[in-house]
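K.L.:
Input coords_36.pdb, format and content: PDB, C-alpha atoms.
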ATOM      1  CA  MET H  19     127.631  66.994   5.002
ATOM      2  CA  ALA H  20     124.603  64.738   4.512
ATOM      3  CA  LEU H  21     125.259  61.088   5.205
ATOM      4  CA  THR H  22     122.927  59.833   2.494
ATOM      5  CA  PHE H  23     121.120  61.201  -0.507
ATOM      6  CA  ARG H  24     119.296  59.500  -3.390
ATOM      7  CA  GLY H  25     120.937  56.080  -3.034
ATOM      8  CA  LYS H  26     124.446  57.383  -2.306
ATOM      9  CA  ALA H  27     126.126  57.756   1.081
ATOM     10  CA  GLN H  28     129.008  59.716   2.553
ATOM     11  CA  VAL H  29     131.057  57.535   4.886
ATOM     12  CA  GLU H  30     132.448  59.500   7.834
ATOM     13  CA  GLY H  31     134.618  58.475  10.753
ATOM     14  CA  VAL H  32     137.684  57.771   8.618
ATOM     15  CA  THR H  33     140.530  60.012   7.450
ATOM     16  CA  ASN H  34     138.850  60.675   4.090
ATOM     17  CA  ALA H  35     135.204  60.970   3.116
ATOM     18  CA  ILE H  36     134.537  58.645   0.184
ATOM     19  CA  THR H  37     131.347  58.626  -1.856
ATOM     20  CA  VAL H  38     130.022  55.122  -2.286
ATOM     21  CA  ILE H  39     127.079  53.582  -4.061
ATOM     22  CA  LEU H  40     124.999  51.145  -2.064
ATOM     23  CA  ASN H  41     124.436  47.734  -3.550
ATOM     24  CA  GLN H  42     120.654  47.702  -3.780
ATOM     25  CA  THR H  43     120.073  43.951  -3.912
ATOM     26  CA  MET H  44     118.132  42.693  -0.921
ATOM     27  CA  ARG H  45     120.911  40.377   0.261
ATOM     28  CA  THR H  46     123.173  43.356   0.937
ATOM     29  CA  MET H  47     120.974  45.004   3.567
ATOM     30  CA  ALA H  48     119.878  42.459   6.149
ATOM     31  CA  LEU H  49     117.841  43.534   9.167
ATOM     32  CA  SER H  50     117.541  41.424  12.318
ATOM     33  CA  HIS H  51     115.329  42.011  15.342
ATOM     34  CA  SER H  52     116.248  40.898  18.858
ATOM     35  CA  PHE H  53     115.280  41.442  22.488
ATOM     36  CA  ASP H  54     116.002  40.045  25.944
ATOM     37  CA  GLU H  55     113.355  37.688  27.266
ATOM     38  CA  VAL H  56     112.515  36.651  30.819
ATOM     39  CA  ILE H  57     110.039  33.805  31.308
ATOM     40  CA  ASN H  58     108.525  33.162  34.748
ATOM     41  CA  GLN H  59     106.997  29.882  35.807
ATOM     42  CA  ASP H  60     104.109  29.140  38.126
ATOM     43  CA  GLU H  61     104.225  26.736  41.097
ATOM     44  CA  HIS H  62     103.783  23.783  38.708
ATOM     45  CA  GLY H  63     106.774  24.737  36.552
ATOM     46  CA  GLU H  64     104.585  25.944  33.683
ATOM     47  CA  ASP H  65     105.518  29.118  31.814
ATOM     48  CA  CYS H  66     103.012  31.771  32.853
ATOM     49  CA  ALA H  67     104.530  35.241  32.336
ATOM     50  CA  TRP H  68     106.817  36.682  29.685
ATOM     51  CA  LYS H  69     108.732  39.952  29.649
ATOM     52  CA  ALA H  70     110.565  41.360  26.633
ATOM     53  CA  SER H  71     113.066  44.226  27.038
ATOM     54  CA  ASN H  72     116.009  45.862  25.263
ATOM     55  CA  GLU H  73     114.342  45.548  21.868
ATOM     56  CA  LYS H  74     116.854  46.400  19.124
ATOM     57  CA  LEU H  75     117.475  46.168  15.407
ATOM     58  CA  GLU H  76     120.779  45.178  13.808
ATOM     59  CA  LEU H  77     121.595  45.910  10.184
ATOM     60  CA  ASP H  78     124.241  44.354   7.955
ATOM     61  CA  LEU H  79     125.054  46.961   5.301
ATOM     62  CA  ASP H  80     127.202  45.940   2.317
ATOM     63  CA  MET H  81     128.523  48.683   0.033
ATOM     64  CA  TYR H  82     130.404  48.938  -3.238
ATOM     65  CA  MET H  83     133.167  51.548  -3.162
ATOM     66  CA  MET H  84     133.123  53.543  -6.387
ATOM     67  CA  SER H  85     134.873  56.774  -7.240
ATOM     68  CA  VAL H  86     132.871  59.783  -8.369
ATOM     69  CA  THR H  87     136.071  61.421  -9.619
ATOM     70  CA  THR H  88     137.162  60.556 -13.157
ATOM     71  CA  GLY H  89     140.507  58.807 -13.327
ATOM     72  CA  VAL H  90     140.611  57.521  -9.745
ATOM     73  CA  ALA H  91     141.379  53.812  -9.746
ATOM     74  CA  ARG H  92     138.971  51.490  -7.957
ATOM     75  CA  SER H  93     141.855  50.058  -5.931
ATOM     76  CA  ALA H  94     142.783  53.581  -4.737
ATOM     77  CA  VAL H  95     139.200  54.168  -3.590
ATOM     78  CA  ALA H  96     139.193  50.844  -1.735
ATOM     79  CA  ALA H  97     142.530  51.635  -0.090
ATOM     80  CA  ALA H  98     141.263  55.032   1.093
ATOM     81  CA  VAL H  99     138.203  53.617   2.857
ATOM     82  CA  GLY H 100     138.856  52.563   6.425
ATOM     83  CA  LEU H 101     137.034  50.857   9.195
ATOM     84  CA  LEU H 102     134.615  53.175  10.940
ATOM     85  CA  THR H 103     135.246  54.410  14.475
ATOM     86  CA  PRO H 104     133.280  52.415  17.087
ATOM     87  CA  TYR H 105     129.773  53.831  17.629
ATOM     88  CA  THR H 106     130.036  56.240  14.673
ATOM     89  CA  ALA H 107     126.551  57.449  13.707
ATOM     90  CA  VAL H 108     125.366  56.416  10.237
ATOM     91  CA  THR H 109     122.082  57.831   8.914
ATOM     92  CA  LEU H 110     120.180  56.040   6.160
ATOM     93  CA  SER H 111     117.316  57.678   4.289
ATOM     94  CA  THR H 112     115.142  57.161   1.212
ATOM     95  CA  CYS H 113     115.443  53.369   1.452
ATOM     96  CA  GLU H 114     112.553  51.545  -0.167
ATOM     97  CA  VAL H 115     112.168  49.373   2.937
ATOM     98  CA  THR H 116     111.420  52.042   5.546
ATOM     99  CA  ALA H 117     112.736  49.904   8.436
ATOM    100  CA  PHE H 118     116.247  50.618   7.096
ATOM    101  CA  ASN H 119     115.803  54.403   7.409
ATOM    102  CA  GLY H 120     117.063  56.163  10.534
ATOM    103  CA  THR H 121     120.183  56.782  12.572
ATOM    104  CA  TRP H 122     122.282  53.740  13.413
ATOM    105  CA  GLN H 123     125.586  53.240  15.212
ATOM    106  CA  VAL H 124     128.532  51.088  14.152
ATOM    107  CA  ILE H 125     129.078  47.921  16.205
ATOM    108  CA  ASN H 126     131.719  45.150  15.976
ATOM    109  CA  GLY H 127     132.194  43.380  12.670
ATOM    110  CA  ASP H 128     133.188  45.859   9.896
ATOM    111  CA  THR H 129     135.028  44.314   6.941
ATOM    112  CA  ILE H 130     136.722  45.627   3.797
ATOM    113  CA  ASN H 131     137.401  43.457   0.760
ATOM    114  CA  GLN H 132     139.291  44.215  -2.450
ATOM    115  CA  GLU H 133     139.616  41.602  -5.169
ATOM    116  CA  ALA H 134     141.869  41.954  -8.198
ATOM    117  CA  ALA H 135     140.247  44.004 -10.974
ATOM    118  CA  ALA H 136     136.988  44.244  -9.026
ATOM    119  CA  THR H 137     135.088  47.009  -7.282
ATOM    120  CA  GLY H 138     136.020  47.245  -3.605
ATOM    121  CA  LYS H 139     133.462  46.230  -1.017
ATOM    122  CA  ALA H 140     132.876  47.241   2.585
ATOM    123  CA  ALA H 141     130.462  45.692   5.069
ATOM    124  CA  TYR H 142     129.300  47.475   8.188
ATOM    125  CA  LYS H 143     127.298  46.186  11.131
ATOM    126  CA  LEU H 144     124.928  48.751  12.620
ATOM    127  CA  LYS H 145     122.543  48.801  15.591
ATOM    128  CA  ARG H 146     119.726  50.925  16.962
ATOM    129  CA  TYR H 147     117.228  50.491  19.781
ATOM    130  CA  VAL H 148     113.487  50.489  19.155
ATOM    131  CA  THR H 149     112.721  52.372  22.397
ATOM    132  CA  THR H 150     113.345  56.118  21.996
ATOM    133  CA  ALA H 151     114.790  56.520  25.523
ATOM    134  CA  GLN H 152     117.303  53.708  24.997
ATOM    135  CA  GLN H 153     118.262  55.012  21.539
ATOM    136  CA  THR H 154     118.911  58.457  23.028
ATOM    137  CA  LEU H 155     121.170  56.979  25.720
ATOM    138  CA  TRP H 156     122.934  54.823  23.090
ATOM    139  CA  THR H 157     123.703  57.863  20.926
ATOM    140  CA  THR H 158     124.585  60.360  23.680
ATOM    141  CA  THR H 159     128.231  60.998  24.531
ATOM    142  CA  PRO H 160     128.713  61.841  28.223
ATOM    143  CA  THR H 161     130.417  65.174  28.905
TER
END
Represent the supplied structure as structure tokens.
P.N.:
Amino acid sequence: MALTFRGKAQVEGVTNAITVILNQTMRTMALSHSFDEVINQDEHGEDCAWKASNEKLELDLDMYMMSVTTGVARSAVAAAVGLLTPYTAVTLSTCEVTAFNGTWQVINGDTINQEAAATGKAAYKLKRYVTTAQQTLWTTTPT
């Protein structure tokens, strides 16, 4: 089963697979960039050398939970969606901002919200490494 296609996504890692529609406003997909930094000083205490490592991207992904089946209540769809298993792979594609596209993994911070008479919402925090070798290690399950 494809994880995403033409603006829709299949959420896996829970008991049911629920089709959801991504909220396409810019405030619902927020990308942050971080890395570890080591700064060395010379004999006078002046910064003279910088090293950046462990470069990674983190993505906050907010989604509206909407049923594609006629007659299924919004509250039932929201109740069926669960928190994703730690480190579940989530693949995004065809995003207008290409930095969002790729395979991510779930990290701490998922939330689900259902308000009365409103469409349910889920928010997932995702991470991936910029370096291919680190991303491979991050997504490989030891045997």
K.L.:
I'd like to see the residues matched by the PyMOL selection byres ((chain H and resi 67-84) around 6) on this file, and ideally I'd get them as an MDAnalysis selection string.
P.N.:
chainID H and resid 38:41 46:58 66 85 138:148
K.L.:
Quote the spacing between CA of Ala151 in chain H and CA of Pro104 in chain H in Å to one decimal place.
P.N.:
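According to the coordinates, CA of Ala151 in chain H and CA of Pro104 in chain H are separated by 20.7 Å.
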K.L.:
Between CA of Leu101 in chain H and CA of Gln153 in chain H, what distance in Å does the model show, to one decimal?
P.N.:
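Computed distance, CA of Leu101 in chain H to CA of Gln153 in chain H, equals 22.8 Å.
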K.L.:
Nearest residue to Thr129 in chain H out of H:His62, H:Val108, H:Leu102, H:Thr158, using only C-alpha atoms?
P.N.:
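Smallest distance to Thr129 in chain H is found for H:Leu102.
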K.L.:
Any idea what the distance is between CA of Thr157 in chain H and CA of Ser111 in chain H?
P.N.:
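These two atoms are separated by 17.8 Å.
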K.L.:
List the residues sitting within 7 Å of (128.8, 55.1, 14.7) in the file's frame, using only C-alpha atoms, as an mmCIF file with C-alpha atoms, in the frame of the given file.
P.N.:
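Below is the file result-v3.cif, written as the result:
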data_model
loop_
_atom_site.group_PDB
_atom_site.id
_atom_site.type_symbol
_atom_site.label_atom_id
_atom_site.label_comp_id
_atom_site.auth_asym_id
_atom_site.auth_seq_id
_atom_site.Cartn_x
_atom_site.Cartn_y
_atom_site.Cartn_z
ATOM 1 C CA THR H 103 135.246 54.410 14.475
ATOM 2 C CA PRO H 104 133.280 52.415 17.087
ATOM 3 C CA TYR H 105 129.773 53.831 17.629
ATOM 4 C CA THR H 106 130.036 56.240 14.673
ATOM 5 C CA ALA H 107 126.551 57.449 13.707
ATOM 6 C CA VAL H 108 125.366 56.416 10.237
ATOM 7 C CA TRP H 122 122.282 53.740 13.413
ATOM 8 C CA GLN H 123 125.586 53.240 15.212
ATOM 9 C CA VAL H 124 128.532 51.088 14.152
#
